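Notes follow once the structure below has been shown.
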Amino acid sequence: MLTALTIYDKLRELPLFQGMSGSDFQDIVARVRFGFRRYSRNTIVANSGDRCDGLLFLLDGEVEMISTSANRSYRVTEFIMTPEVLEPERAFGLQQHYLRTYRARSICHVLHIGKDDTLLLSSEFMVFRLNILNIISTQSQRFQKELWRHYPANDNERVMRFLYAHCTRKTGKKIFHIKMRQLAAETGMTRNEVSKALNDLESAGKLLLQRGIINIPKMEAIWL
């Protein structure tokens, strides 16, 4: 259970609040409306397509982040630990809906800050404004960098590149739910070529194969 002191300490750890002074926090607590939510294991924190009406911060626990292809033919599950802010870029802009689904893997406490209060924090606190700009700018820079990575030299690299490119976070455990036929279509390879590449990667200890599932213990071992 989160106590008032624990909540205060958690706020200081959150990426958008790092670098703020004690007086800043006193001012924020007096002026900003915080919404604290508790989620039981296996409950949905946010669904893909839900309207993003502010910022969601994971204070404690672990969450599954599930990304699904546009035609729903495959999906990837990633795992998020605290502290984390969930899709801050979706609070404003053209698409103000969550792109991914978030499901609690354990009891989780989540902090919600509405859009009006987010705007207040951005306008009144320079550190908060710089932090949110840094997060969104970093995401944009990483995306641009991916476009210019070298073209895969062989079938193994083509499969690895596909897996790497479809992860939001480039480290940690990932689980892909995708059939070989679909992976072949996505990579421009034959099913036999995909099968051989996956078996080569499994033999090298980079992933584990099950029917329709690719389990990657460490994404950083796949593609750098």
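So you can find residues: chains in the structure tokens are A, B, ... in the order shown, residues in each start at 1, and ligands are numbered from 1 in order.
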Need the shell around A:Gly61: protein/DNA/RNA residues with any atom at most 6 Å away, counting only C-alpha atoms. Skip same-chain ones fewer than 3 positions apart. Format as a compact mmCIF listing (two decimals) with N, CA and C atoms, in the first residue's frame?
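Output saved as result_14.txt:
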# COMPACT_ATOMS: atom_id res chain seq x y z
N SER A 106 0.85 -7.43 -12.16
CA SER A 106 0.83 -7.51 -10.70
C SER A 106 -0.08 -6.38 -10.22
N ILE A 107 -0.26 -6.27 -8.92
CA ILE A 107 -0.98 -5.11 -8.40
C ILE A 107 -0.19 -3.85 -8.75
N CYS A 108 -0.84 -2.90 -9.40
CA CYS A 108 -0.17 -1.68 -9.86
C CYS A 108 -0.88 -0.45 -9.33
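Neighbours of A:Arg181 closer than or equal to 9 Å, with only C-alpha atoms counted and sequence neighbours fewer than 4 positions away skipped, come out as Ala185, Glu186, Thr190, Arg191 and Val194 of chain A.
The spacing separating atom CA of A:Ala197 from atom CA of A:Asp155 amounts to 6.2 Å.
Of the residues under consideration (A:Lys196, A:Arg129, A:Lys179, A:Arg169), A:Arg169 shows the shortest atom-to-atom contact distance to A:Met219 when counting only C-alpha atoms.
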Polymer residues at most 12 Å from stretch 13-23 of chain A, only C-alpha atoms, same-chain spacing of 6 or more positions, as a CSV table (one decimal) with N, CA, C and O atoms, in the first residue's frame:
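Ended up saving to around_30.csv:
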chain,number,residue,atom,x,y,z
A,6,THR,N,5.5,7.6,0.6
A,6,THR,CA,5.9,6.8,-0.5
A,6,THR,C,5.5,7.4,-1.8
A,6,THR,O,6.3,7.5,-2.8
A,7,ILE,N,4.3,8.0,-1.9
A,7,ILE,CA,3.8,8.7,-3.1
A,7,ILE,C,4.7,9.9,-3.4
A,7,ILE,O,5.1,10.1,-4.5
A,29,VAL,N,1.9,20.0,-5.4
A,29,VAL,CA,0.9,19.3,-4.5
A,29,VAL,C,-0.3,20.2,-4.2
A,29,VAL,O,-1.5,19.8,-4.1
A,30,ALA,N,0.0,21.5,-4.0
A,30,ALA,CA,-1.1,22.5,-3.6
A,30,ALA,C,-2.0,22.8,-4.8
A,30,ALA,O,-3.2,23.2,-4.6
A,55,LEU,N,-1.9,12.4,-18.6
A,55,LEU,CA,-0.7,11.6,-18.4
A,55,LEU,C,-1.0,10.5,-17.4
A,55,LEU,O,-1.6,10.7,-16.4
A,56,LEU,N,-0.5,9.3,-17.8
A,56,LEU,CA,-0.6,8.1,-16.8
A,56,LEU,C,0.9,7.7,-16.4
A,56,LEU,O,1.7,7.4,-17.3
A,57,PHE,N,1.1,7.7,-15.1
A,57,PHE,CA,2.4,7.3,-14.6
A,57,PHE,C,2.3,6.0,-13.8
A,57,PHE,O,1.4,5.9,-12.9
A,58,LEU,N,3.1,5.0,-14.2
A,58,LEU,CA,3.1,3.8,-13.4
A,58,LEU,C,4.0,4.0,-12.2
A,58,LEU,O,5.2,4.2,-12.3
A,59,LEU,N,3.4,3.9,-11.0
A,59,LEU,CA,4.2,4.2,-9.8
A,59,LEU,C,4.8,2.9,-9.2
A,59,LEU,O,5.9,3.0,-8.7
A,60,ASP,N,4.1,1.8,-9.3
A,60,ASP,CA,4.7,0.6,-8.9
A,60,ASP,C,4.1,-0.6,-9.6
A,60,ASP,O,3.0,-0.5,-10.1
A,81,MET,N,8.5,-1.8,-16.3
A,81,MET,CA,8.6,-1.6,-14.8
A,81,MET,C,8.6,-0.1,-14.5
A,81,MET,O,8.8,0.7,-15.3
A,82,THR,N,8.4,0.2,-13.2
A,82,THR,CA,8.4,1.6,-12.8
A,82,THR,C,9.9,2.1,-12.7
A,82,THR,O,10.8,1.4,-12.6
A,83,PRO,N,10.0,3.4,-12.8
A,83,PRO,CA,9.0,4.4,-13.0
A,83,PRO,C,8.8,4.6,-14.5
A,83,PRO,O,9.7,4.5,-15.3
A,84,GLU,N,7.6,4.9,-15.0
A,84,GLU,CA,7.3,5.0,-16.4
A,84,GLU,C,6.1,5.9,-16.6
A,84,GLU,O,5.1,5.9,-15.8
A,85,VAL,N,6.1,6.7,-17.7
A,85,VAL,CA,4.9,7.4,-18.2
A,85,VAL,C,4.5,6.7,-19.5
A,85,VAL,O,5.3,6.4,-20.3
A,86,LEU,N,3.2,6.5,-19.6
A,86,LEU,CA,2.6,5.7,-20.7
A,86,LEU,C,2.2,6.6,-21.8
A,86,LEU,O,1.3,7.4,-21.7
A,88,PRO,N,3.2,9.5,-23.4
A,88,PRO,CA,2.9,11.0,-23.2
A,88,PRO,C,2.6,11.7,-24.5
A,88,PRO,O,1.9,12.8,-24.4
A,110,VAL,N,-1.2,3.6,-10.3
A,110,VAL,CA,-1.0,4.5,-11.4
A,110,VAL,C,-1.5,5.9,-11.0
A,110,VAL,O,-2.5,6.0,-10.4
A,111,LEU,N,-0.7,6.9,-11.4
A,111,LEU,CA,-1.0,8.3,-11.2
A,111,LEU,C,-1.6,8.8,-12.5
A,111,LEU,O,-0.9,8.7,-13.5
A,113,ILE,N,-2.8,12.4,-14.3
A,113,ILE,CA,-2.8,13.9,-14.3
A,113,ILE,C,-3.5,14.3,-15.6
A,113,ILE,O,-3.1,14.0,-16.7
A,118,THR,N,-1.7,19.1,-16.8
A,118,THR,CA,-0.5,18.9,-17.6
A,118,THR,C,-0.1,20.2,-18.2
A,118,THR,O,1.1,20.6,-18.2
A,121,LEU,N,1.4,22.5,-15.4
A,121,LEU,CA,2.7,22.0,-15.1
A,121,LEU,C,3.7,22.5,-16.2
A,121,LEU,O,4.8,23.0,-15.9
A,122,SER,N,3.3,22.4,-17.4
A,122,SER,CA,4.2,22.7,-18.5
A,122,SER,C,4.5,24.2,-18.6
A,122,SER,O,5.6,24.7,-18.9
A,125,PHE,N,6.3,25.3,-14.7
A,125,PHE,CA,7.5,24.7,-14.2
A,125,PHE,C,8.4,24.3,-15.4
A,125,PHE,O,8.1,23.4,-16.1
A,126,MET,N,9.5,25.1,-15.5
A,126,MET,CA,10.4,24.9,-16.6
A,126,MET,C,11.0,23.5,-16.6
A,126,MET,O,11.2,22.9,-17.7
A,127,VAL,N,11.3,22.9,-15.5
A,127,VAL,CA,11.9,21.5,-15.4
A,127,VAL,C,11.0,20.5,-16.0
A,127,VAL,O,11.4,19.7,-16.8
A,128,PHE,N,9.7,20.6,-15.7
A,128,PHE,CA,8.7,19.7,-16.2
A,128,PHE,C,8.6,19.9,-17.7
A,128,PHE,O,8.5,18.9,-18.5
A,129,ARG,N,8.6,21.1,-18.2
A,129,ARG,CA,8.5,21.4,-19.6
A,129,ARG,C,9.7,20.8,-20.4
A,129,ARG,O,9.5,20.2,-21.4
A,130,LEU,N,10.9,21.0,-19.8
A,130,LEU,CA,12.0,20.4,-20.5
A,130,LEU,C,12.0,18.9,-20.5
A,130,LEU,O,12.4,18.3,-21.5
A,131,ASN,N,11.6,18.3,-19.4
A,131,ASN,CA,11.5,16.8,-19.3
A,131,ASN,C,10.6,16.3,-20.4
A,131,ASN,O,10.9,15.3,-21.0
A,132,ILE,N,9.4,16.9,-20.5
A,132,ILE,CA,8.5,16.3,-21.5
A,132,ILE,C,9.0,16.5,-22.9
A,132,ILE,O,8.8,15.7,-23.8
A,133,LEU,N,9.6,17.7,-23.2
A,133,LEU,CA,10.2,17.9,-24.5
A,133,LEU,C,11.3,16.9,-24.8
A,133,LEU,O,11.5,16.4,-25.9
A,134,ASN,N,12.1,16.6,-23.8
A,134,ASN,CA,13.3,15.7,-24.0
A,134,ASN,C,12.7,14.3,-24.3
A,134,ASN,O,13.3,13.6,-25.2
A,135,ILE,N,11.7,13.8,-23.6
A,135,ILE,CA,11.1,12.5,-23.9
A,135,ILE,C,10.6,12.4,-25.3
A,135,ILE,O,10.9,11.5,-26.0
A,136,ILE,N,9.8,13.4,-25.7
A,136,ILE,CA,9.2,13.3,-27.1
A,136,ILE,C,10.3,13.5,-28.1
A,136,ILE,O,10.2,12.9,-29.2
task: Give me every helix (DSSP H, G or I) residue in stretch 6-183 of chain A, going by DSSP on the backbone, as a VMD selection string.
output: chain A and resid 6 to 13 22 to 31 88 to 90 115 to 124 126 to 147 155 to 165 180 to 183
task: Record the distance separating atom CA of A:Ile44 and atom CA of A:Asn215, expressed in Å with one decimal.
output: 22.5 Å
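Of the listed residues (A:Ala104, A:Ala165, A:Val76, A:Ile28), A:Ala165 comes nearest to A:Arg142; the distances count only C-alpha atoms.
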- request: Would you list the contacts of A:Phe92 as a PyMOL selection string, taking every protein, DNA or RNA residue within 9 Å and counting only C-alpha atoms, but skipping same-chain residues closer than 2 positions in sequence?
  value: chain A and resi 52-54+88-90+94-96+115
Can I get the selection written as an mmCIF file, in the first residue's frame, with N, CA and C atoms?
data_model
loop_
_atom_site.group_PDB
_atom_site.id
_atom_site.type_symbol
_atom_site.label_atom_id
_atom_site.label_comp_id
_atom_site.auth_asym_id
_atom_site.auth_seq_id
_atom_site.Cartn_x
_atom_site.Cartn_y
_atom_site.Cartn_z
ATOM 1 N N CYS A 52 -6.819 9.304 -24.787
ATOM 2 C CA CYS A 52 -5.789 9.695 -23.836
ATOM 3 C C CYS A 52 -6.154 11.077 -23.297
ATOM 4 N N ASP A 53 -6.663 11.115 -22.068
ATOM 5 C CA ASP A 53 -7.165 12.372 -21.511
ATOM 6 C C ASP A 53 -6.185 13.011 -20.531
ATOM 7 N N GLY A 54 -4.912 12.620 -20.614
ATOM 8 C CA GLY A 54 -3.901 13.186 -19.723
ATOM 9 C C GLY A 54 -2.676 12.291 -19.689
ATOM 10 N N PRO A 88 3.182 9.529 -23.402
ATOM 11 C CA PRO A 88 2.905 10.954 -23.166
ATOM 12 C C PRO A 88 2.636 11.730 -24.452
ATOM 13 N N GLU A 89 3.168 11.236 -25.578
ATOM 14 C CA GLU A 89 2.968 11.926 -26.849
ATOM 15 C C GLU A 89 1.533 11.855 -27.340
ATOM 16 N N ARG A 90 0.716 10.989 -26.730
ATOM 17 C CA ARG A 90 -0.669 10.816 -27.158
ATOM 18 C C ARG A 90 -1.639 11.776 -26.457
ATOM 19 N N LEU A 94 -2.308 15.019 -33.235
ATOM 20 C CA LEU A 94 -3.331 14.550 -34.171
ATOM 21 C C LEU A 94 -4.089 13.337 -33.653
ATOM 22 N N GLN A 95 -3.377 12.368 -33.079
ATOM 23 C CA GLN A 95 -3.994 11.125 -32.608
ATOM 24 C C GLN A 95 -3.961 11.085 -31.080
ATOM 25 N N GLN A 96 -5.058 11.415 -30.441
ATOM 26 C CA GLN A 96 -5.108 11.475 -28.980
ATOM 27 C C GLN A 96 -5.786 10.234 -28.400
ATOM 28 N N LYS A 115 -5.324 16.761 -18.637
ATOM 29 C CA LYS A 115 -4.691 17.655 -19.601
ATOM 30 C C LYS A 115 -4.545 19.078 -19.066
#
query: Which neighbours of A:Tyr102 fall inside 6 Å, counting only C-alpha atoms, when residues of the same chain fewer than 3 positions from it are skipped, and could you give them as a PyMOL selection string?
result: chain A and resi 44-46+64-65
Selected residues written out with N, CA and C atoms, as a compact mmCIF listing (two decimals), in the first residue's frame:
# COMPACT_ATOMS: atom_id res chain seq x y z
N ILE A 44 -6.98 -4.32 -17.19
CA ILE A 44 -6.52 -3.39 -18.22
C ILE A 44 -6.33 -2.00 -17.62
N VAL A 45 -5.14 -1.46 -17.81
CA VAL A 45 -4.84 -0.09 -17.39
C VAL A 45 -5.31 0.89 -18.46
N ALA A 46 -5.03 0.57 -19.71
CA ALA A 46 -5.48 1.38 -20.84
C ALA A 46 -5.57 0.49 -22.06
N GLU A 64 2.20 -5.21 -18.76
CA GLU A 64 2.43 -5.69 -20.13
C GLU A 64 2.00 -4.61 -21.11
N MET A 65 2.83 -4.34 -22.08
CA MET A 65 2.48 -3.41 -23.16
C MET A 65 2.31 -4.22 -24.44
query: Which of stretch 26-218 of chain A counts as strand (DSSP E or B) under DSSP, as a ChimeraX atom specification please?
result: /A:35-39,44-46,51,54-60,62-68,75-81,84-86,97,101-104,108-114,174-177,208-210,213-216
- request: Would you mind reading off the distance between atom CA of A:Arg41 and atom CA of A:Ala91, one decimal, in Å?
  value: 25.5 Å
Would you list the contacts of A:Gln26 as a tab-separated table (two decimals) with C-alpha atoms, in the first residue's frame, taking every protein, DNA or RNA residue within 12 Å and counting only C-alpha atoms, but skipping same-chain residues closer than 5 positions in sequence?
chain	number	residue	atom	x	y	z
A	8	TYR	CA	5.95	11.77	-2.59
A	11	LEU	CA	6.78	11.40	-7.71
A	12	ARG	CA	10.41	12.45	-7.38
A	20	MET	CA	12.49	19.54	-9.36
A	21	SER	CA	13.17	21.16	-6.01
A	31	ARG	CA	-2.20	23.25	-7.19
A	32	VAL	CA	-2.36	20.02	-9.21
task: Find the residues near A:Gly49: any atom within 8 Å, counting only C-alpha atoms, skip ones fewer than 5 places away on the same chain, and give them as JSON, numbers by chain.
output: {"A": [97, 98, 99, 100]}
